[in-house]
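Q: Have a look at this one.
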Amino acid sequence: MIKLLIGCIMISITLILGERPEWYPRNASLFEKACLVENDLRPDQWARMRTMHLEDTPAERAFLLCLVKTKNVFRPEKGFEAERLRLGLQQSIKADCDIEHIEHCKQMYGHLKPDDVMVFQIAKCVCDVKDEKCRKLIKNEL
């Protein structure tokens with residue numbers, strides 16, 4: 001009986017994690033491609049970034065700002081939303097990062113201007129400790 005209950009709970013969690021939040025764009029990969037072209041980023045640079053390795057260049061900062069705006073993680077009227085970044089990372093690169101750490105990064109860098117610098121520094125803060133604060137989601141968790 002306990003195994004059945006645990007199985008049902010695990011299935012429910014899997015279904016919840018796998019659902020795309022309503023604010024997250026249905027065609028997110030098209031936005032990624034548009035941001036790549038708009039910011040003259042090469043596919044190999046995006047592949048590296050998807051492994052959570054960032055370089056502080058104007059192109060990467062502009063690309064990240066484009067992504068978080070088009071994916072509704074950063075909205076000028078609301079600012080940077082940590083929970084949306086966590087869910088966006090789950091959707092896009094299949095990484096589940098600690099929300100408290102993302103909030104910590106937001107608190108440390110959320111005041112920076114211009115916006116591309118702020119977004120980059122928050123992302124870098126999250127990525128710098130990915131091995132301790134993030135875990136890769138396996139296929140059946142999505």
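Following the order of the structure tokens, chains are lettered A, B, ..., residues in each are numbered from 1, and ligands are numbered from 1.
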Kindly assemble as CSV a list of the segment 111-133 of chain A residues that lie within 9 Å of segment 52-66 of chain A, each paired with its nearest atom pair and their distance in Å to one decimal, using only C-alpha atoms, sorted first by chain and then by ascending residue number.
A:
```
residue,atom,partner,partner_atom,distance
A:Asp115,CA,A:Leu65,CA,7.2
A:Asp116,CA,A:Arg61,CA,5.2
A:Val117,CA,A:Arg61,CA,6.5
A:Met118,CA,A:Leu65,CA,9.0
A:Val119,CA,A:Leu65,CA,6.2
A:Phe120,CA,A:Arg61,CA,5.6
A:Gln121,CA,A:Asp56,CA,8.8
A:Ala123,CA,A:Leu54,CA,8.3
A:Lys124,CA,A:Leu54,CA,6.5
A:Val126,CA,A:Met52,CA,8.6
A:Cys127,CA,A:Met52,CA,5.3
A:Asp128,CA,A:His53,CA,8.0
A:Lys130,CA,A:Met52,CA,7.4
```
Q: Residues as selected, N, CA, C and O atoms, written as a PDB file, in the first residue's frame, can you do that?
A:
```pdb
ATOM      1  N   ASP A 115      20.156  46.802 -17.582  1.00  0.00           N
ATOM      2  CA  ASP A 115      19.478  45.524 -17.374  1.00  0.00           C
ATOM      3  C   ASP A 115      20.292  44.325 -17.853  1.00  0.00           C
ATOM      4  O   ASP A 115      20.247  43.269 -17.225  1.00  0.00           O
ATOM      5  N   ASP A 116      21.042  44.471 -18.947  1.00  0.00           N
ATOM      6  CA  ASP A 116      21.819  43.316 -19.434  1.00  0.00           C
ATOM      7  C   ASP A 116      22.898  42.911 -18.434  1.00  0.00           C
ATOM      8  O   ASP A 116      23.162  41.720 -18.249  1.00  0.00           O
ATOM      9  N   VAL A 117      23.481  43.878 -17.748  1.00  0.00           N
ATOM     10  CA  VAL A 117      24.492  43.583 -16.726  1.00  0.00           C
ATOM     11  C   VAL A 117      23.828  42.887 -15.540  1.00  0.00           C
ATOM     12  O   VAL A 117      24.348  41.891 -15.020  1.00  0.00           O
ATOM     13  N   MET A 118      22.680  43.384 -15.102  1.00  0.00           N
ATOM     14  CA  MET A 118      21.955  42.780 -13.987  1.00  0.00           C
ATOM     15  C   MET A 118      21.589  41.332 -14.291  1.00  0.00           C
ATOM     16  O   MET A 118      21.865  40.432 -13.495  1.00  0.00           O
ATOM     17  N   VAL A 119      21.006  41.094 -15.458  1.00  0.00           N
ATOM     18  CA  VAL A 119      20.588  39.741 -15.837  1.00  0.00           C
ATOM     19  C   VAL A 119      21.798  38.815 -15.931  1.00  0.00           C
ATOM     20  O   VAL A 119      21.771  37.683 -15.436  1.00  0.00           O
ATOM     21  N   PHE A 120      22.866  39.298 -16.546  1.00  0.00           N
ATOM     22  CA  PHE A 120      24.065  38.466 -16.666  1.00  0.00           C
ATOM     23  C   PHE A 120      24.615  38.107 -15.291  1.00  0.00           C
ATOM     24  O   PHE A 120      24.964  36.945 -15.039  1.00  0.00           O
ATOM     25  N   GLN A 121      24.716  39.075 -14.404  1.00  0.00           N
ATOM     26  CA  GLN A 121      25.301  38.808 -13.084  1.00  0.00           C
ATOM     27  C   GLN A 121      24.445  37.827 -12.277  1.00  0.00           C
ATOM     28  O   GLN A 121      24.981  36.970 -11.564  1.00  0.00           O
ATOM     29  N   ALA A 123      22.490  35.493 -13.613  1.00  0.00           N
ATOM     30  CA  ALA A 123      22.695  34.193 -14.269  1.00  0.00           C
ATOM     31  C   ALA A 123      24.057  33.615 -13.905  1.00  0.00           C
ATOM     32  O   ALA A 123      24.180  32.418 -13.613  1.00  0.00           O
ATOM     33  N   LYS A 124      25.082  34.452 -13.909  1.00  0.00           N
ATOM     34  CA  LYS A 124      26.436  34.000 -13.578  1.00  0.00           C
ATOM     35  C   LYS A 124      26.496  33.501 -12.141  1.00  0.00           C
ATOM     36  O   LYS A 124      27.109  32.470 -11.851  1.00  0.00           O
ATOM     37  N   VAL A 126      24.085  32.169 -10.431  1.00  0.00           N
ATOM     38  CA  VAL A 126      23.419  30.858 -10.404  1.00  0.00           C
ATOM     39  C   VAL A 126      24.337  29.799 -11.003  1.00  0.00           C
ATOM     40  O   VAL A 126      24.534  28.722 -10.437  1.00  0.00           O
ATOM     41  N   CYS A 127      24.925  30.106 -12.145  1.00  0.00           N
ATOM     42  CA  CYS A 127      25.753  29.132 -12.871  1.00  0.00           C
ATOM     43  C   CYS A 127      27.061  28.812 -12.162  1.00  0.00           C
ATOM     44  O   CYS A 127      27.563  27.685 -12.272  1.00  0.00           O
ATOM     45  N   ASP A 128      27.619  29.775 -11.447  1.00  0.00           N
ATOM     46  CA  ASP A 128      28.916  29.570 -10.795  1.00  0.00           C
ATOM     47  C   ASP A 128      28.882  28.451  -9.762  1.00  0.00           C
ATOM     48  O   ASP A 128      29.924  27.873  -9.450  1.00  0.00           O
ATOM     49  N   LYS A 130      26.549  25.818  -9.955  1.00  0.00           N
ATOM     50  CA  LYS A 130      25.585  24.866 -10.501  1.00  0.00           C
ATOM     51  C   LYS A 130      25.762  23.458  -9.945  1.00  0.00           C
ATOM     52  O   LYS A 130      24.796  22.743  -9.734  1.00  0.00           O
TER      53      LYS A 130
END
```
Q: In terms of the shortest atom-to-atom distance over only C-alpha atoms, which of A:Lys94, A:Cys105, A:Glu38, A:Pro114 is closest to Lys136 of chain A?
A: A:Lys94
Q: Point out the residue among A:Glu132, A:Ile122, A:Leu137, A:Ser92 with the least atom-to-atom distance to Arg20 of chain A, counting only C-alpha atoms.
A: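 Nearest to Arg20 of chain A: A:Ser92.
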Q: I'd like the neighbourhood of Arg42 of chain A as a short mmCIF file (atom, residue, chain, number, x, y, z; two decimals) with C-alpha atoms, in the first residue's frame, where a residue qualifies if any of its atoms comes within 12 Å (using only C-alpha atoms), though same-chain residues fewer than 6 positions away should be ignored.
A:
```cif
data_model
loop_
_atom_site.label_atom_id
_atom_site.label_comp_id
_atom_site.auth_asym_id
_atom_site.auth_seq_id
_atom_site.Cartn_x
_atom_site.Cartn_y
_atom_site.Cartn_z
CA GLU A 32 15.94 31.40 -28.62
CA LYS A 33 16.75 31.31 -32.35
CA ALA A 34 15.54 34.88 -32.83
CA CYS A 35 17.70 36.06 -29.90
CA LEU A 36 20.69 34.18 -31.36
CA ARG A 48 28.23 26.29 -24.15
CA MET A 49 25.78 28.59 -22.38
CA ALA A 59 26.85 39.62 -27.09
CA GLU A 60 26.14 37.12 -24.29
CA PHE A 63 21.41 37.51 -25.68
#
```
Q: Quick one: everything within 10 Å of Glu81 of chain A, counting only C-alpha atoms, minus sequence neighbours fewer than 4 positions away in the same chain. Send it as a list in words.
A: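 Near Glu81 of chain A, the qualifying residues are Val68, Asn72, Val73, Phe74, Arg75, Leu85, Arg86, Ile102, Glu103, Lys106 and Gly110 of chain A.
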Q: A:Ile93, A:Leu112, A:Ile138, A:Val129: which is nearest Ala47 of chain A, counting only C-alpha atoms?
A: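 Using only C-alpha atoms, Ala47 of chain A sits closest to A:Ile93.
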Q: Please report the interatomic distance between atom CA of Ala95 of chain A and atom CA of Glu77 of chain A in Å with one decimal.
A: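 Atom-to-atom, atom CA of Ala95 of chain A and atom CA of Glu77 of chain A are spaced 26.9 Å apart.
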Q: Using only C-alpha atoms, which of the listed residues (A:Trp46, A:Gly79, A:Ile99, A:Asn39) sits closest to Lys113 of chain A?
A: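 Of A:Trp46, A:Gly79, A:Ile99, A:Asn39, the one nearest Lys113 of chain A is A:Gly79, counting only C-alpha atoms.
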Q: Take atom CA of Pro25 of chain A and atom CA of Asp131 of chain A and report the distance between them in Å, one decimal.
A: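 Going from atom CA of Pro25 of chain A over to atom CA of Asp131 of chain A covers 27.6 Å.
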Q: I'd like to know which residues of chain A are strand (DSSP E) (by DSSP, run on the backbone); could you write them as a list in words?
A: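 In chain A, DSSP puts these residues in strand (DSSP E): Phe74, Arg75, Gly79, Phe80, Ala95, Asp96, Cys97, Cys134, Arg135 and Lys136 of chain A.
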Q: Distance atom CA of Pro43 of chain A-atom CA of Leu89 of chain A, one decimal place?
A: 18.3 Å
